[in-house]
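J.: Next up, query19.cif (mmCIF, C-alpha atoms and all ligand atoms).
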```cif
data_upload
loop_
_atom_site.group_PDB
_atom_site.id
_atom_site.type_symbol
_atom_site.label_atom_id
_atom_site.label_comp_id
_atom_site.auth_asym_id
_atom_site.auth_seq_id
_atom_site.Cartn_x
_atom_site.Cartn_y
_atom_site.Cartn_z
ATOM 1 C CA MET A 15 0.000 0.000 0.000
ATOM 2 C CA ASP A 16 1.165 3.498 -0.848
ATOM 3 C CA ILE A 17 0.790 6.292 1.731
ATOM 4 C CA ASP A 18 -0.284 8.741 -1.020
ATOM 5 C CA GLU A 19 -3.365 6.644 -1.696
ATOM 6 C CA THR A 20 -4.526 7.041 1.880
ATOM 7 C CA ILE A 21 -4.165 10.818 1.948
ATOM 8 C CA ILE A 22 -5.984 11.714 -1.293
ATOM 9 C CA PRO A 23 -9.589 11.337 0.014
ATOM 10 C CA PHE A 24 -9.002 13.890 2.782
ATOM 11 C CA SER A 25 -7.502 16.600 0.621
ATOM 12 C CA ASP A 26 -9.429 16.157 -2.592
ATOM 13 C CA ASP A 27 -12.562 14.052 -2.839
ATOM 14 C CA LEU A 28 -14.351 15.251 0.264
ATOM 15 C CA ILE A 29 -14.426 18.948 -0.602
ATOM 16 C CA PRO A 30 -17.590 19.848 -2.521
ATOM 17 C CA GLU A 31 -16.732 21.876 -5.588
ATOM 18 C CA HIS A 32 -20.196 22.909 -6.642
ATOM 19 C CA SER A 33 -20.472 26.585 -7.544
ATOM 20 C CA LYS A 34 -22.912 28.944 -9.259
ATOM 21 C CA ILE A 35 -21.238 28.403 -12.622
ATOM 22 C CA CYS A 36 -21.213 24.609 -12.208
ATOM 23 C CA LYS A 37 -21.694 22.838 -15.565
ATOM 24 C CA CYS A 38 -22.380 19.378 -14.118
ATOM 25 C CA THR A 39 -25.179 17.563 -16.002
ATOM 26 C CA ILE A 40 -26.901 16.581 -12.769
ATOM 27 C CA CYS A 41 -26.620 20.016 -11.091
ATOM 28 C CA THR A 42 -27.880 21.842 -14.191
ATOM 29 C CA ASN A 43 -30.682 19.357 -14.927
ATOM 30 C CA LYS A 44 -34.113 20.990 -15.078
ATOM 31 C CA THR A 45 -36.050 18.444 -17.122
ATOM 32 C CA ALA A 46 -35.776 15.098 -15.382
ATOM 33 C CA GLN A 47 -36.701 13.926 -11.876
ATOM 34 C CA LEU A 48 -33.423 12.934 -10.283
ATOM 35 C CA ASP A 49 -34.574 12.290 -6.705
ATOM 36 C CA GLU A 50 -34.146 8.570 -7.205
ATOM 37 C CA LEU A 51 -30.435 9.013 -7.963
ATOM 38 C CA GLN A 52 -30.043 10.770 -4.625
ATOM 39 C CA HIS A 53 -32.022 7.986 -2.969
ATOM 40 C CA ILE A 54 -29.814 5.287 -4.507
ATOM 41 C CA ASP A 55 -26.778 7.172 -3.245
ATOM 42 C CA GLN A 56 -28.104 7.527 0.312
ATOM 43 C CA THR A 57 -29.149 3.897 0.493
ATOM 44 C CA LEU A 58 -26.082 2.234 -0.964
ATOM 45 C CA ALA A 59 -23.192 4.470 0.141
ATOM 46 C CA GLY A 60 -21.000 2.649 2.615
ATOM 47 C CA ASN A 61 -22.622 -0.701 1.790
ATOM 48 C CA ILE A 62 -21.226 -1.392 -1.657
ATOM 49 C CA ASP A 63 -18.300 -0.082 -3.654
ATOM 50 C CA ASP A 64 -18.785 3.569 -4.731
ATOM 51 C CA ASP A 65 -18.012 2.795 -8.385
ATOM 52 C CA ALA A 66 -20.777 0.167 -8.409
ATOM 53 C CA ILE A 67 -23.212 2.781 -7.037
ATOM 54 C CA PHE A 68 -22.358 5.213 -9.846
ATOM 55 C CA GLN A 69 -22.900 2.462 -12.432
ATOM 56 C CA ILE A 70 -26.313 1.648 -10.929
ATOM 57 C CA GLN A 71 -27.300 5.342 -10.920
ATOM 58 C CA SER A 72 -26.311 5.819 -14.540
ATOM 59 C CA LYS A 73 -28.133 2.652 -15.604
ATOM 60 C CA TYR A 74 -31.239 3.646 -13.656
ATOM 61 C CA TYR A 75 -31.235 7.122 -15.192
ATOM 62 C CA ASN A 76 -30.790 5.942 -18.762
ATOM 63 C CA GLU A 77 -33.479 3.254 -18.543
ATOM 64 C CA LYS A 78 -36.078 4.690 -16.163
ATOM 65 C CA VAL A 79 -35.726 8.435 -16.710
ATOM 66 C CA LYS A 80 -34.134 9.200 -20.059
ATOM 67 C CA LYS A 81 -35.833 6.527 -22.169
ATOM 68 C CA PRO A 82 -39.452 7.380 -21.134
ATOM 69 C CA LEU A 83 -38.818 11.112 -21.625
ATOM 70 C CA GLU A 84 -37.369 10.528 -25.078
ATOM 71 C CA GLN A 85 -40.407 8.442 -25.986
ATOM 72 C CA HIS A 86 -42.388 11.630 -25.340
ATOM 73 C CA GLY A 87 -40.060 13.565 -27.586
ATOM 74 C CA ILE A 88 -38.244 15.336 -24.739
ATOM 75 C CA LYS A 89 -34.513 15.605 -25.212
ATOM 76 C CA VAL A 90 -32.397 14.984 -22.112
ATOM 77 C CA PRO A 91 -28.643 14.598 -21.779
ATOM 78 C CA ASP A 92 -26.826 11.363 -21.002
ATOM 79 C CA ILE A 93 -25.707 10.850 -17.430
ATOM 80 C CA THR A 94 -22.705 8.560 -17.236
ATOM 81 C CA ALA A 95 -21.277 6.782 -14.199
ATOM 82 C CA LYS A 96 -18.475 9.338 -14.374
ATOM 83 C CA ASP A 97 -20.995 12.216 -14.105
ATOM 84 C CA CYS A 98 -22.564 10.511 -11.091
ATOM 85 C CA LYS A 99 -19.194 10.062 -9.454
ATOM 86 C CA LYS A 100 -18.285 13.722 -9.902
ATOM 87 C CA HIS A 101 -21.655 14.961 -8.695
ATOM 88 C CA PHE A 102 -22.158 12.685 -5.715
ATOM 89 C CA THR A 103 -18.613 12.949 -4.401
ATOM 90 C CA ARG A 104 -18.018 16.643 -5.088
ATOM 91 C CA HIS A 105 -21.275 18.559 -5.387
ATOM 92 C CA THR A 106 -23.353 17.038 -2.625
ATOM 93 C CA ILE A 107 -22.478 15.851 0.843
ATOM 94 C CA ASN A 108 -23.469 12.357 1.864
ATOM 95 C CA PRO A 109 -22.466 12.065 5.550
ATOM 96 C CA LYS A 110 -22.707 8.296 5.399
ATOM 97 C CA ARG A 111 -20.171 8.116 2.558
ATOM 98 C CA MET A 112 -17.861 10.571 4.341
ATOM 99 C CA ILE A 113 -17.864 8.571 7.576
ATOM 100 C CA ALA A 114 -17.458 5.241 5.774
ATOM 101 C CA ASN A 115 -14.539 6.702 3.793
ATOM 102 C CA ASP A 116 -12.920 8.151 6.926
ATOM 103 C CA ILE A 117 -13.112 4.780 8.648
ATOM 104 C CA LYS A 118 -11.513 3.084 5.637
ATOM 105 C CA VAL A 119 -8.770 5.734 5.436
ATOM 106 C CA ILE A 120 -7.947 5.463 9.158
ATOM 107 C CA ASP A 121 -7.860 1.698 8.806
ATOM 108 C CA SER A 122 -5.416 1.938 5.875
ATOM 109 C CA VAL A 123 -3.155 4.369 7.753
ATOM 110 C CA GLN A 124 -3.096 2.024 10.746
ATOM 111 C CA LYS A 125 -2.086 -0.884 8.508
ATOM 112 C CA PHE A 126 0.587 1.303 6.954
ATOM 113 C CA LEU A 127 2.001 2.127 10.407
ATOM 114 C CA VAL A 128 2.045 -1.547 11.367
ATOM 115 C CA GLN A 129 3.939 -2.417 8.179
ATOM 116 C CA ASN A 130 6.271 0.577 8.323
ATOM 117 C CA GLY A 131 7.892 1.232 11.646
ATOM 118 C CA LEU A 132 5.550 0.214 14.472
ATOM 119 C CA ILE A 133 7.846 -2.673 15.247
ATOM 120 C CA LYS A 134 11.585 -2.453 14.790
ATOM 121 C CA LYS A 135 13.601 -5.633 14.654
ATOM 122 C CA ASN A 136 17.304 -5.688 15.256
ATOM 123 C CA MET A 137 18.644 -7.895 12.477
ATOM 124 C CA ILE A 138 21.735 -8.951 14.440
ATOM 125 C CA THR A 139 20.235 -9.710 17.876
ATOM 126 C CA ASN A 140 16.753 -10.545 16.537
ATOM 127 C CA GLN A 141 15.385 -8.362 19.339
ATOM 128 C CA VAL A 142 12.002 -6.758 18.657
ATOM 129 C CA ASN A 143 11.319 -3.173 19.751
ATOM 130 C CA VAL A 144 8.073 -1.281 19.611
ATOM 131 C CA ASN A 145 8.432 2.248 18.280
ATOM 132 C CA ILE A 146 6.640 4.253 20.994
ATOM 133 C CA PRO A 147 5.853 7.461 19.000
ATOM 134 C CA VAL A 148 4.391 5.333 16.185
ATOM 135 C CA LEU A 149 2.430 3.284 18.717
ATOM 136 C CA LYS A 150 0.949 6.543 20.093
ATOM 137 C CA GLN A 151 -0.131 7.581 16.584
ATOM 138 C CA TRP A 152 -1.585 4.141 16.035
ATOM 139 C CA SER A 153 -3.674 4.154 19.225
ATOM 140 C CA GLY A 154 -4.862 7.724 18.555
ATOM 141 C CA LEU A 155 -6.140 6.550 15.165
ATOM 142 C CA SER A 156 -7.652 3.501 16.799
ATOM 143 C CA ARG A 157 -9.686 5.709 19.168
ATOM 144 C CA ASN A 158 -10.885 7.883 16.289
ATOM 145 C CA LYS A 159 -11.868 4.822 14.303
ATOM 146 C CA LEU A 160 -13.851 3.353 17.191
ATOM 147 C CA ASP A 161 -15.672 6.663 17.725
ATOM 148 C CA LEU A 162 -16.580 6.812 14.034
ATOM 149 C CA LEU A 163 -17.680 3.167 14.004
ATOM 150 C CA ARG A 164 -19.858 3.735 17.069
ATOM 151 C CA TYR A 165 -21.408 6.801 15.461
ATOM 152 C CA TYR A 166 -21.960 4.974 12.170
ATOM 153 C CA LYS A 167 -23.671 2.041 13.882
ATOM 154 C CA THR A 168 -25.968 4.336 15.871
ATOM 155 C CA GLU A 169 -26.775 6.595 12.934
ATOM 156 C CA TYR A 170 -27.292 3.836 10.324
ATOM 157 C CA PRO A 171 -28.360 0.712 12.247
ATOM 158 C CA ASN A 172 -30.140 -0.953 9.311
ATOM 159 C CA GLU A 173 -27.108 -0.802 7.065
ATOM 160 C CA ASN A 174 -25.025 -2.536 9.685
ATOM 161 C CA LYS A 175 -27.586 -5.279 9.974
ATOM 162 C CA ASN A 176 -27.427 -5.786 6.192
ATOM 163 C CA LYS A 177 -23.678 -5.813 6.334
ATOM 164 C CA ARG A 178 -23.658 -8.594 8.923
ATOM 165 C CA GLN A 179 -26.117 -10.614 6.890
ATOM 166 C CA GLN A 180 -23.864 -10.359 3.877
ATOM 167 C CA GLY A 181 -20.861 -11.265 6.017
ATOM 168 C CA LYS A 182 -19.087 -8.079 4.961
ATOM 169 C CA SER A 183 -16.712 -5.878 6.852
ATOM 170 C CA PHE A 184 -15.312 -2.448 6.046
ATOM 171 C CA ASN A 185 -12.129 -4.001 4.748
ATOM 172 C CA GLN A 186 -14.027 -5.792 2.041
ATOM 173 C CA ILE A 187 -15.812 -2.725 0.683
HETATM 174 ZN ZN ZN H 201 -22.639 21.451 -9.310
HETATM 175 ZN ZN ZN H 202 -23.233 18.174 -9.838
#
```
Produce structure tokens that represent the structure in this file.
Ligand SMILES: [Zn+2]
Ligand SMILES: [Zn+2]

T.:
Amino acid sequence: MDIDETIIPFSDDLIPEHSKICKCTICTNKTAQLDELQHIDQTLAGNIDDDAIFQIQSKYYNEKVKKPLEQHGIKVPDITAKDCKKHFTRHTINPKRMIANDIKVIDSVQKFLVQNGLIKKNMITNQVNVNIPVLKQWSGLSRNKLDLLRYYKTEYPNENKNKRQQGKSFNQI
């Protein structure tokens, strides 16, 4: 795992970039009913892979929204999975996705610390030493992760029930 991969979501993806001059197909839409796309996002975020959600949204839009409108002679633009990704990660805030992402990021950073410096082994004596400053970072992250997990489970109890039924954990998302 690369440390850069774990830092990107904090600095980039989680900052909404919607503005008054936004040209996004979903933001500028005035013809079609897009509530269902929002609903799909709220329901599935954190439960299945984000890219799969954007595929489902695009498919739903093209079949259930665009096609019927076009049959009535109304022209509407295409909405691709890429459009959905941009819109739902940058132009709207889905707290569930943000928390799920934070938990995954913290988890990755913890794994990175374990693999890179938490334990130092002396190659000559074979003696194992725990790196105390790294251990402190690790347990700080651990506390944050537990707080987020507790909050997530309280806030979205149904999703956690589904997750257990599917035998899934955050690591598998
Ligand atoms: Zn926008
Ligand atoms: Zn948008």

J.: Just checking: using only C-alpha atoms, which residue out of A:Lys34, A:Lys118, A:Lys110, A:Lys73 ends up closest to Glu50 in chain A?

T.: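 The closest residue to Glu50 in chain A is A:Lys73.
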
J.: For CA of Lys81 in chain A and CA of Asn43 in chain A, quote the distance in Å rounded to one decimal.

T.: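 The value is 15.6 Å.
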
J.: Find the residue from A:Asp121, A:Glu169, A:Asp63, A:Asp55 that sits nearest to Ile107 in chain A; use only C-alpha atoms when measuring.

T.: A:Asp55

J.: Identify, counting all atoms listed in the file, the protein, DNA and RNA residues located within 9 Å of ligand ZN 202 (chain H), and give them as a PyMOL selection string.

T.: chain A and resi 31-32+36-42+97-98+100-106

J.: Keeping only C-alpha atoms, write the selected residues to a file as a short mmCIF file (atom, residue, chain, number, x, y, z; two decimals), in the coordinates of the input.

T.:
```cif
data_model
loop_
_atom_site.label_atom_id
_atom_site.label_comp_id
_atom_site.auth_asym_id
_atom_site.auth_seq_id
_atom_site.Cartn_x
_atom_site.Cartn_y
_atom_site.Cartn_z
CA GLU A 31 -16.73 21.88 -5.59
CA HIS A 32 -20.20 22.91 -6.64
CA CYS A 36 -21.21 24.61 -12.21
CA LYS A 37 -21.69 22.84 -15.56
CA CYS A 38 -22.38 19.38 -14.12
CA THR A 39 -25.18 17.56 -16.00
CA ILE A 40 -26.90 16.58 -12.77
CA CYS A 41 -26.62 20.02 -11.09
CA THR A 42 -27.88 21.84 -14.19
CA ASP A 97 -21.00 12.22 -14.10
CA CYS A 98 -22.56 10.51 -11.09
CA LYS A 100 -18.28 13.72 -9.90
CA HIS A 101 -21.66 14.96 -8.70
CA PHE A 102 -22.16 12.68 -5.72
CA THR A 103 -18.61 12.95 -4.40
CA ARG A 104 -18.02 16.64 -5.09
CA HIS A 105 -21.28 18.56 -5.39
CA THR A 106 -23.35 17.04 -2.62
#
```

J.: Edge lengths and centre, in Å to one decimal, as JSON: that's what I need for the box along x, y and z that holds all listed atoms of range 146-154 of chain A plus 8 Å on each side.

T.:
```
{"center_x": 0.9, "center_y": 5.5, "center_z": 18.5, "size_x": 27.5, "size_y": 20.4, "size_z": 21.0}
```

J.: Could you name the residues that touch Ala59 in chain A at 8 Å or less, counting only C-alpha atoms, but leaving out those on the same chain fewer than 5 positions away, as number ranges by chain?

T.: A: 64, 67, 110-111

J.: Considering all atoms listed in the file, can you say which of A:Asn76, A:Lys135, A:Lys99, A:Tyr170 comes closest to ligand ZN 201 (chain H)?

T.: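 Distance minimum relative to ligand ZN 201 (chain H) lands on A:Lys99.
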
J.: Can you tell me how far CA of Gln124 in chain A sits from CA of Asn145 in chain A, in Å to one decimal?

T.: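 If I compute the distance from CA of Gln124 in chain A to CA of Asn145 in chain A, I get 13.8 Å.
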
J.: Given the file above and the PyMOL selection byres (((chain A and resi 155) around 12) and not hetatm), which residues are selected, and can you give them as a ChimeraX atom specification?

T.: /A:116-127,148-154,156-162

J.: In Å to one decimal, how far is CA of Gln47 in chain A from CA of Pro109 in chain A?

T.: 22.6 Å
